[in-house]
>>> print(open('query03.cif').read())   # mmCIF, C-alpha atoms
data_data
#
loop_
_atom_site.label_atom_id
_atom_site.label_comp_id
_atom_site.auth_asym_id
_atom_site.auth_seq_id
_atom_site.Cartn_x
_atom_site.Cartn_y
_atom_site.Cartn_z
CA MET D 1 63.55 23.38 -77.55
CA LYS D 2 60.10 22.80 -76.06
CA ASP D 3 59.79 19.06 -75.46
CA LYS D 4 58.74 18.75 -71.80
CA ILE D 5 55.37 17.40 -70.67
CA LEU D 6 53.80 18.99 -67.58
CA ILE D 7 51.28 16.78 -65.75
CA THR D 8 49.11 18.36 -63.06
CA GLY D 9 47.79 15.78 -60.60
CA GLY D 10 50.66 13.50 -61.63
CA ALA D 11 50.53 11.51 -58.38
CA GLY D 12 46.82 10.76 -58.75
CA TYR D 13 44.96 7.71 -60.00
CA ILE D 14 45.28 8.55 -63.71
CA GLY D 15 48.52 10.52 -63.43
CA SER D 16 50.46 7.76 -61.70
CA LYS D 17 49.37 5.27 -64.38
CA LEU D 18 50.33 7.69 -67.16
CA ILE D 19 53.78 8.13 -65.62
CA ASP D 20 54.04 4.36 -65.22
CA ILE D 21 53.66 3.75 -68.98
CA PHE D 22 55.40 6.92 -70.21
CA PRO D 23 58.40 5.83 -72.31
CA ASN D 24 60.78 8.74 -71.62
CA LYS D 25 60.30 9.91 -68.05
CA LYS D 26 63.07 12.50 -68.35
CA LYS D 27 60.61 14.62 -70.35
CA LEU D 28 58.11 14.79 -67.50
CA LYS D 29 57.40 17.51 -64.96
CA ILE D 30 54.84 16.93 -62.22
CA ILE D 31 52.64 19.33 -60.27
CA ASP D 32 50.77 17.76 -57.37
CA SER D 33 49.72 18.45 -53.79
CA PHE D 34 50.85 14.89 -52.94
CA TYR D 35 47.88 14.23 -50.66
CA TYR D 36 48.24 10.53 -51.32
CA GLY D 37 52.04 10.39 -51.14
CA LYS D 38 54.66 10.08 -53.86
CA GLN D 39 56.37 6.83 -52.95
CA PHE D 40 56.04 5.42 -56.45
CA LEU D 41 57.87 8.47 -57.87
CA LYS D 42 61.03 8.15 -55.77
CA LYS D 43 62.98 5.93 -58.17
CA LYS D 44 61.69 7.48 -61.40
CA LYS D 45 63.87 10.64 -61.32
CA ILE D 46 61.01 12.92 -62.35
CA LYS D 47 61.02 16.65 -61.65
CA CYS D 48 58.24 17.15 -59.09
CA HIS D 49 56.73 20.40 -57.84
CA SER D 50 54.61 20.33 -54.68
CA GLU D 51 52.02 22.88 -55.74
CA ASN D 52 48.39 23.73 -55.15
CA ILE D 53 46.89 24.78 -58.48
CA ASN D 54 44.56 27.13 -56.64
CA ASN D 55 47.62 29.23 -55.89
CA LYS D 56 49.74 31.09 -58.43
CA ILE D 57 51.94 28.66 -60.37
CA ASN D 58 55.45 29.97 -60.99
CA ASP D 59 56.00 30.73 -64.68
CA LYS D 60 59.40 28.98 -64.45
CA ILE D 61 57.67 25.61 -64.12
CA PHE D 62 56.46 26.00 -67.73
CA LYS D 63 60.02 26.41 -69.06
CA LYS D 64 60.52 24.16 -72.13
CA VAL D 65 57.00 22.73 -71.67
CA LYS D 66 55.34 21.79 -74.97
CA THR D 67 52.24 20.03 -73.60
CA VAL D 68 50.21 20.35 -70.39
CA VAL D 69 48.11 17.39 -69.27
CA HIS D 70 45.67 18.80 -66.72
CA LEU D 71 44.47 16.02 -64.41
CA ALA D 72 44.41 17.86 -61.06
CA GLY D 73 41.01 18.52 -59.55
CA LEU D 74 38.35 17.32 -57.15
CA ALA D 75 37.71 13.95 -58.65
CA ASN D 76 34.20 12.69 -57.96
CA ASP D 77 30.71 13.67 -56.87
CA SER D 78 31.05 12.90 -53.16
CA THR D 79 34.31 14.82 -52.83
CA SER D 80 32.94 17.76 -54.79
CA ASP D 81 29.72 17.86 -52.76
CA LEU D 82 31.69 18.11 -49.52
CA ASN D 83 32.88 21.60 -50.45
CA PRO D 84 31.10 23.05 -53.52
CA ASN D 85 32.99 26.36 -53.28
CA LEU D 86 36.32 24.54 -53.39
CA THR D 87 35.04 22.50 -56.34
CA VAL D 88 34.24 25.64 -58.32
CA LEU D 89 37.60 27.16 -57.41
CA THR D 90 39.66 24.05 -58.23
CA ASN D 91 37.81 22.46 -61.13
CA HIS D 92 36.70 25.64 -62.88
CA ILE D 93 38.43 28.88 -61.91
CA SER D 94 41.91 27.38 -61.46
CA THR D 95 41.56 25.31 -64.61
CA ILE D 96 40.81 28.41 -66.71
CA LYS D 97 43.66 30.28 -65.04
CA LEU D 98 46.09 27.43 -65.72
CA ALA D 99 45.06 27.14 -69.38
CA LYS D 100 45.47 30.88 -69.94
CA GLN D 101 48.87 30.84 -68.24
CA ALA D 102 49.98 27.92 -70.43
CA LYS D 103 48.89 29.72 -73.58
CA ARG D 104 50.61 32.95 -72.53
CA LEU D 105 53.88 31.09 -71.91
CA GLY D 106 53.94 29.40 -75.32
CA VAL D 107 52.66 25.91 -74.51
CA LYS D 108 51.44 24.28 -77.73
CA LYS D 109 48.92 21.75 -76.45
CA PHE D 110 46.58 21.60 -73.44
CA ILE D 111 44.96 18.21 -72.70
CA TYR D 112 42.08 18.50 -70.24
CA ALA D 113 40.65 15.64 -68.18
CA SER D 114 36.88 15.95 -68.43
CA SER D 115 34.19 13.35 -67.78
CA CYS D 116 31.28 11.61 -69.47
CA SER D 117 29.27 12.59 -66.38
CA VAL D 118 28.63 15.89 -68.19
CA TYR D 119 25.91 14.01 -70.13
CA GLY D 120 23.85 13.41 -66.99
CA ASP D 121 20.64 11.42 -67.47
CA GLN D 122 19.96 10.58 -71.11
CA ASP D 123 20.02 6.85 -71.66
CA LYS D 124 17.60 6.85 -74.60
CA LYS D 125 20.47 6.78 -77.07
CA LEU D 126 24.24 6.73 -77.38
CA VAL D 127 25.43 10.24 -76.61
CA ASN D 128 28.23 11.71 -78.68
CA GLU D 129 30.41 14.78 -78.39
CA ASN D 130 27.84 16.97 -80.19
CA ASP D 131 24.94 16.15 -77.88
CA GLU D 132 23.52 18.47 -75.24
CA LEU D 133 25.25 18.42 -71.86
CA ARG D 134 22.99 17.81 -68.86
CA PRO D 135 25.24 17.79 -65.77
CA LEU D 136 23.38 16.70 -62.64
CA THR D 137 26.05 17.31 -60.01
CA ILE D 138 28.42 20.11 -59.01
CA TYR D 139 31.31 17.92 -60.17
CA ALA D 140 29.81 17.36 -63.62
CA LEU D 141 28.85 21.03 -63.91
CA SER D 142 32.41 22.12 -63.04
CA LYS D 143 33.76 19.89 -65.82
CA ALA D 144 31.21 21.06 -68.40
CA SER D 145 31.72 24.75 -67.65
CA SER D 146 35.51 24.45 -67.75
CA GLU D 147 35.35 22.67 -71.09
CA LEU D 148 33.33 25.50 -72.63
CA GLU D 149 35.75 28.19 -71.52
CA ILE D 150 39.03 26.50 -72.36
CA GLN D 151 37.74 25.51 -75.79
CA ASN D 152 37.51 29.25 -76.50
CA LEU D 153 41.30 29.41 -76.08
CA ASN D 154 41.83 27.12 -79.09
CA SER D 155 44.06 28.70 -81.72
CA LYS D 156 46.58 27.83 -84.40
CA ASN D 157 49.39 27.81 -81.84
CA PHE D 158 47.47 26.49 -78.83
CA LYS D 159 45.52 23.26 -79.29
CA VAL D 160 43.00 22.42 -76.55
CA ILE D 161 41.83 18.81 -76.30
CA SER D 162 39.07 17.82 -73.87
CA LEU D 163 38.91 14.12 -73.06
CA ARG D 164 35.61 13.00 -71.54
CA PHE D 165 36.52 9.87 -69.60
CA ALA D 166 34.01 7.13 -68.95
CA THR D 167 33.79 5.84 -65.36
CA LEU D 168 37.24 4.57 -64.44
CA PHE D 169 38.31 1.21 -63.05
CA GLY D 170 41.45 -0.89 -62.81
CA LEU D 171 44.80 -1.15 -61.06
CA SER D 172 46.97 1.96 -60.65
CA PRO D 173 50.07 2.84 -58.57
CA ARG D 174 47.87 5.34 -56.67
CA MET D 175 44.98 2.98 -56.18
CA ARG D 176 41.39 4.03 -55.55
CA PHE D 177 38.69 1.85 -54.03
CA ASP D 178 35.99 4.53 -54.18
CA LEU D 179 35.24 3.76 -57.85
CA GLY D 180 32.37 1.37 -58.65
CA ILE D 181 34.14 -1.65 -60.12
CA ASN D 182 37.17 -1.26 -57.85
CA ALA D 183 34.90 -1.04 -54.78
CA MET D 184 32.99 -4.15 -55.84
CA THR D 185 36.26 -6.04 -56.33
CA LYS D 186 37.39 -4.97 -52.86
CA ASN D 187 34.14 -6.38 -51.47
CA VAL D 188 34.83 -9.67 -53.22
CA ILE D 189 38.33 -9.81 -51.72
CA LYS D 190 36.84 -9.19 -48.26
CA ASN D 191 33.91 -11.60 -48.86
CA ILE D 192 31.39 -8.78 -48.52
CA ASN D 193 28.13 -8.66 -50.50
CA LEU D 194 27.85 -6.40 -53.55
CA ILE D 195 25.67 -3.32 -53.10
CA VAL D 196 23.63 -1.85 -55.95
CA ASN D 197 22.26 1.66 -55.50
CA GLY D 198 18.72 1.93 -56.85
CA ASN D 199 17.39 -0.82 -59.11
CA GLY D 200 20.57 -1.19 -61.15
CA LYS D 201 18.84 -0.46 -64.46
CA GLN D 202 20.83 2.72 -65.04
CA TYR D 203 23.46 2.62 -67.77
CA ARG D 204 27.05 3.68 -67.34
CA SER D 205 30.12 3.72 -69.56
CA PHE D 206 33.38 2.32 -68.19
CA VAL D 207 37.05 2.50 -69.15
CA HIS D 208 40.21 1.01 -67.67
CA VAL D 209 42.69 3.50 -66.23
CA ARG D 210 45.50 2.01 -68.34
CA ASP D 211 43.50 2.65 -71.52
CA VAL D 212 42.90 6.23 -70.39
CA ALA D 213 46.65 6.64 -69.86
CA LYS D 214 47.37 5.15 -73.30
CA THR D 215 44.82 7.52 -74.86
CA ILE D 216 46.45 10.55 -73.21
CA LEU D 217 49.86 9.35 -74.42
CA PHE D 218 48.43 9.06 -77.94
CA PHE D 219 47.24 12.69 -77.88
CA ILE D 220 50.54 13.87 -76.41
CA ASN D 221 52.37 12.36 -79.37
CA LYS D 222 49.77 13.19 -82.04
CA LYS D 223 50.64 16.25 -84.12
CA SER D 224 48.02 18.94 -83.52
CA PRO D 225 47.21 19.73 -87.19
CA LYS D 226 46.18 16.10 -87.64
CA ILE D 227 43.64 16.25 -84.80
CA LYS D 228 40.39 17.29 -86.46
CA TYR D 229 38.26 17.55 -83.31
CA SER D 230 38.86 19.10 -79.89
CA ILE D 231 36.54 16.94 -77.75
CA PHE D 232 36.60 13.14 -77.45
CA ASN D 233 34.67 10.62 -75.38
CA VAL D 234 37.22 8.14 -74.01
CA GLY D 235 36.08 4.56 -73.60
CA SER D 236 34.78 1.65 -75.64
CA ASN D 237 31.24 1.03 -76.87
CA SER D 238 31.53 -2.55 -75.63
CA LEU D 239 31.80 -1.22 -72.05
CA ASN D 240 28.42 0.54 -72.05
CA ILE D 241 26.53 -1.56 -69.53
CA ARG D 242 23.66 -1.51 -67.03
CA ILE D 243 24.86 -1.59 -63.43
CA ILE D 244 22.88 -4.76 -62.69
CA ASP D 245 24.53 -6.52 -65.63
CA LEU D 246 27.93 -5.35 -64.42
CA VAL D 247 27.29 -6.77 -60.96
CA ASN D 248 26.09 -10.05 -62.43
CA LYS D 249 29.36 -10.32 -64.38
CA ILE D 250 31.26 -10.13 -61.11
CA LYS D 251 28.90 -12.52 -59.33
CA LYS D 252 29.30 -15.05 -62.15
CA LYS D 253 33.02 -15.19 -61.41
CA PHE D 254 32.62 -15.19 -57.63
CA LYS D 255 29.48 -17.25 -57.02
CA LYS D 256 29.47 -17.05 -53.21
CA ILE D 257 28.97 -13.29 -53.25
CA LYS D 258 25.39 -12.01 -52.94
CA ILE D 259 23.81 -8.92 -54.51
CA LEU D 260 21.95 -6.49 -52.26
CA PHE D 261 19.89 -3.50 -53.45
CA ASN D 262 20.02 -0.14 -51.66
CA LYS D 263 16.87 1.45 -53.06
CA ASP D 264 17.11 4.43 -50.70
CA GLN D 265 20.36 5.48 -52.39
CA ALA D 266 19.26 5.75 -56.02
CA ASP D 267 21.70 6.93 -58.69
CA PHE D 268 19.84 9.00 -61.28
CA ARG D 269 22.73 9.31 -63.73
CA SER D 270 22.24 7.09 -66.74
CA TYR D 271 23.99 7.39 -70.06
CA ARG D 272 25.69 5.40 -72.80
CA ALA D 273 28.49 7.26 -74.52
CA ASP D 274 29.42 6.81 -78.16
CA PHE D 275 33.18 6.39 -78.59
CA SER D 276 33.18 6.20 -82.39
CA ARG D 277 35.04 9.51 -82.83
CA LEU D 278 38.00 8.29 -80.80
CA ASN D 279 37.92 4.84 -82.37
CA LYS D 280 38.46 6.35 -85.83
CA ILE D 281 41.94 7.53 -84.84
CA PHE D 282 42.80 5.26 -81.89
CA ASN D 283 41.66 1.64 -81.68
CA THR D 284 39.33 1.28 -78.69
CA THR D 285 38.11 -2.22 -79.59
CA LYS D 286 41.05 -3.75 -77.71
CA PHE D 287 40.46 -1.81 -74.50
CA MET D 288 40.58 -3.92 -71.34
CA THR D 289 37.33 -5.55 -70.28
CA ILE D 290 35.57 -5.34 -66.92
CA GLU D 291 36.61 -8.94 -66.27
CA ASP D 292 40.25 -7.97 -66.96
CA GLY D 293 40.07 -5.18 -64.42
CA VAL D 294 38.41 -7.25 -61.72
CA LYS D 295 40.92 -10.07 -62.20
CA GLU D 296 44.03 -7.88 -61.96
CA ILE D 297 42.83 -6.09 -58.81
CA TYR D 298 41.75 -9.34 -57.18
CA GLU D 299 45.02 -11.11 -57.95
CA TYR D 300 47.15 -8.16 -56.87
CA TYR D 301 45.46 -7.55 -53.51
CA LYS D 302 44.06 -10.95 -52.54
CA TYR D 303 47.14 -12.14 -50.66
CA LYS D 304 48.66 -8.81 -49.73
CA LYS D 305 48.50 -7.78 -46.07
CA VAL D 306 47.06 -4.39 -46.93
CA ASN D 307 44.25 -2.53 -45.20
CA LEU D 308 41.89 -1.94 -48.12
CA ASP D 309 39.88 0.49 -45.99
CA ASN D 310 42.86 2.79 -45.47
CA PRO D 311 41.75 6.40 -46.25
CA ILE D 312 44.66 6.69 -48.70
CA TYR D 313 42.55 4.69 -51.19
CA TYR D 314 39.54 7.01 -50.91
CA ASN D 315 39.41 10.62 -52.09
CA LEU D 316 36.59 11.66 -49.77
CA LYS D 317 38.07 10.06 -46.65
CA THR D 318 41.43 11.66 -47.33
CA MET D 319 39.90 15.05 -48.02
CA LYS D 320 38.04 14.98 -44.72
CA ARG D 321 41.32 14.35 -42.92
CA LYS D 322 43.18 17.14 -44.71
CA ASN D 323 42.85 20.87 -44.82
CA SER D 324 39.99 21.41 -47.29
CA THR D 325 41.70 24.43 -48.84
CA MET D 326 44.20 22.27 -50.70
CA THR D 327 43.91 20.73 -54.17
CA LYS D 328 43.11 17.08 -54.75
CA CYS D 329 44.28 14.89 -57.62
CA THR D 330 42.19 12.73 -59.97
#
>>> encode(input="query03.cif", output="structure tokens")
Amino acid sequence: MKDKILITGGAGYIGSKLIDIFPNKKKLKIIDSFYYGKQFLKKKKIKCHSENINNKINDKIFKKVKTVVHLAGLANDSTSDLNPNLTVLTNHISTIKLAKQAKRLGVKKFIYASSCSVYGDQDKKLVNENDELRPLTIYALSKASSELEIQNLNSKNFKVISLRFATLFGLSPRMRFDLGINAMTKNVIKNINLIVNGNGKQYRSFVHVRDVAKTILFFINKKSPKIKYSIFNVGSNSLNIRIIDLVNKIKKKFKKIKILFNKDQADFRSYRADFSRLNKIFNTTKFMTIEDGVKEIYEYYKYKKVNLDNPIYYNLKTMKRKNSTMTKCT
């Protein structure tokens, strides 16, 4: 009986949180390069495969697998820009190869981790899943192009679901401090001023990593015939916010922190995603707020004797220290 769930990038920021909340861990199989370690997996008795998805994945790993959750990939703009060729190989070519292999081996559902960054710069309106994609970076382009190709694999017996995540934040077993809200919270913990790139008027959509994990779990359990669409923005309309307003939210809570503007490092991406499609089948109105995320990170790390600048918390720093031919995890 096919009842196993295969998670690529299972030791990454999203993957580790998904495993953390997964109710029956005996059903899980993990593929990961384990760049950032696997300490949190040691007591969970999960079948782990140390694999680079850019290499050939053994067909045996797919035995009894019903659903693949594909999270592995170069995870942000700075990491992708460091080696564009590796980005294309990992985020596009290997993704298509993996999806085709899964379909050939009888997997029923393929859940792909995409990004709202595929919308690029279009803050004139709320963008939904039917709007034109305008990727501005190699990372966003790799996500958009992969989406288009794997959607062509959709069939009666192979359901492809692309989840376009808003910008992530929040506490995870494999923590990242190279994400906007998380980085700002780290600055607060270290009593460092908050930096805003550009004028801060650009819009961005945010979503807590736990809510992303819960959304993935929902689609794992949802019967395919009942899923009308194949592409979903993942986030909450209440978390569409200008960067300057986001920073002011944090400053309001931590009044001693100052805001500094880095106008030489402008961020031209600006979009507000519409999450109505997801909200019709999965309640997004109760998603965690920015204040929730800042509070949990602050309280967890404030009194811990942890080096928050350790490269293990930063994808780009870790990639620079590793052999750049290996796969990273989101």
>>> resolve_selection(input="query03.cif", expression="the PyMOL selection byres ((chain D and resi 47-50) around 9)", output="list in words")
Gly10, Lys26, Lys27, Leu28, Lys29, Ile30, Ile31, Asp32, Ser33, Phe34, Leu41, Lys45, Ile46, Glu51, Asn52 and Ile61 of chain D
>>> write_last_selection(input="query03.cif", atoms="C-alpha atoms", output="mmCIF file, keeping the file's coordinate frame")
data_model
loop_
_atom_site.group_PDB
_atom_site.id
_atom_site.type_symbol
_atom_site.label_atom_id
_atom_site.label_comp_id
_atom_site.auth_asym_id
_atom_site.auth_seq_id
_atom_site.Cartn_x
_atom_site.Cartn_y
_atom_site.Cartn_z
ATOM 1 C CA GLY D 10 50.660 13.500 -61.630
ATOM 2 C CA LYS D 26 63.070 12.500 -68.350
ATOM 3 C CA LYS D 27 60.610 14.620 -70.350
ATOM 4 C CA LEU D 28 58.110 14.790 -67.500
ATOM 5 C CA LYS D 29 57.400 17.510 -64.960
ATOM 6 C CA ILE D 30 54.840 16.930 -62.220
ATOM 7 C CA ILE D 31 52.640 19.330 -60.270
ATOM 8 C CA ASP D 32 50.770 17.760 -57.370
ATOM 9 C CA SER D 33 49.720 18.450 -53.790
ATOM 10 C CA PHE D 34 50.850 14.890 -52.940
ATOM 11 C CA LEU D 41 57.870 8.470 -57.870
ATOM 12 C CA LYS D 45 63.870 10.640 -61.320
ATOM 13 C CA ILE D 46 61.010 12.920 -62.350
ATOM 14 C CA GLU D 51 52.020 22.880 -55.740
ATOM 15 C CA ASN D 52 48.390 23.730 -55.150
ATOM 16 C CA ILE D 61 57.670 25.610 -64.120
#
>>> resolve_selection(input="query03.cif", expression="the PyMOL selection byres ((chain D and resi 153-160) around 12)", output="count of residues only")
46
>>> resolve_selection(input="query03.cif", expression="the PyMOL selection byres ((chain D and resi 300-310) around 10)", output="list in words")
Leu171, Met175, Arg176, Phe177, Asp178, Ala183, Thr185, Lys186, Asn187, Val188, Ile189, Lys190, Lys295, Glu296, Ile297, Tyr298, Glu299, Pro311, Ile312, Tyr313, Tyr314, Lys317 and Thr318 of chain D
>>> closest_residue(input="query03.cif", among="D:Pro84, D:Gly170, D:Gly9, D:Gly198", to="Val294 in chain D", atoms="all atoms listed in the file")
D:Gly170
>>> closest_residue(input="query03.cif", among="D:Lys252, D:Gln39, D:Lys143, D:Lys64", to="Thr90 in chain D", atoms="all atoms listed in the file")
D:Lys143
>>> residues_around(input="query03.cif", residues="Tyr119 in chain D", least_positions_apart="4", cutoff="7 Å", atoms="all atoms listed in the file", output="number ranges by chain")
D: 133-135, 271
>>> atom_distance(input="query03.cif", atom1="CA of Leu194 in chain D", atom2="CA of Leu168 in chain D")
18.1 Å
>>> atom_distance(input="query03.cif", atom1="CA of Asn128 in chain D", atom2="CA of Ile19 in chain D")
28.9 Å
>>> residues_around(input="query03.cif", residues="Cys116 in chain D", least_positions_apart="3", cutoff="7 Å", atoms="all atoms listed in the file", output="compact mmCIF listing (two decimals) with C-alpha atoms, keeping the file's coordinate frame")
# COMPACT_ATOMS: atom_id res chain seq x y z
CA TYR D 119 25.91 14.01 -70.13
CA ARG D 164 35.61 13.00 -71.54
CA PHE D 165 36.52 9.87 -69.60
CA ALA D 166 34.01 7.13 -68.95
CA ASN D 233 34.67 10.62 -75.38
>>> residues_around(input="query03.cif", residues="range 256-267 of chain D", least_positions_apart="2", cutoff="8 Å", atoms="all atoms listed in the file", output="compact mmCIF listing (two decimals) with C-alpha atoms, in the coordinates of the input")
# COMPACT_ATOMS: atom_id res chain seq x y z
CA VAL D 188 34.83 -9.67 -53.22
CA ASN D 191 33.91 -11.60 -48.86
CA ILE D 192 31.39 -8.78 -48.52
CA ASN D 193 28.13 -8.66 -50.50
CA LEU D 194 27.85 -6.40 -53.55
CA ILE D 195 25.67 -3.32 -53.10
CA VAL D 196 23.63 -1.85 -55.95
CA ASN D 197 22.26 1.66 -55.50
CA GLY D 198 18.72 1.93 -56.85
CA ASN D 199 17.39 -0.82 -59.11
CA GLN D 202 20.83 2.72 -65.04
CA VAL D 247 27.29 -6.77 -60.96
CA LYS D 251 28.90 -12.52 -59.33
CA PHE D 254 32.62 -15.19 -57.63
CA ARG D 269 22.73 9.31 -63.73
>>> atom_distance(input="query03.cif", atom1="CA of Leu316 in chain D", atom2="CA of Val207 in chain D")
21.4 Å
>>> closest_residue(input="query03.cif", among="D:Ala144, D:Met319, D:Lys56, D:Lys280", to="Glu132 in chain D", atoms="only C-alpha atoms")
D:Ala144
>>> closest_residue(input="query03.cif", among="D:Val65, D:Ile244, D:Leu141, D:Leu239", to="Ala273 in chain D", atoms="all atoms listed in the file")
D:Leu239
>>> closest_residue(input="query03.cif", among="D:Asn55, D:Asn130, D:Thr8, D:Ser236", to="Ser94 in chain D", atoms="all atoms listed in the file")
D:Asn55
>>> residues_around(input="query03.cif", residues="Ser172 in chain D", least_positions_apart="3", cutoff="7 Å", atoms="all atoms listed in the file", output="list in words")
Tyr13, Ser16, Lys17 and Met175 of chain D
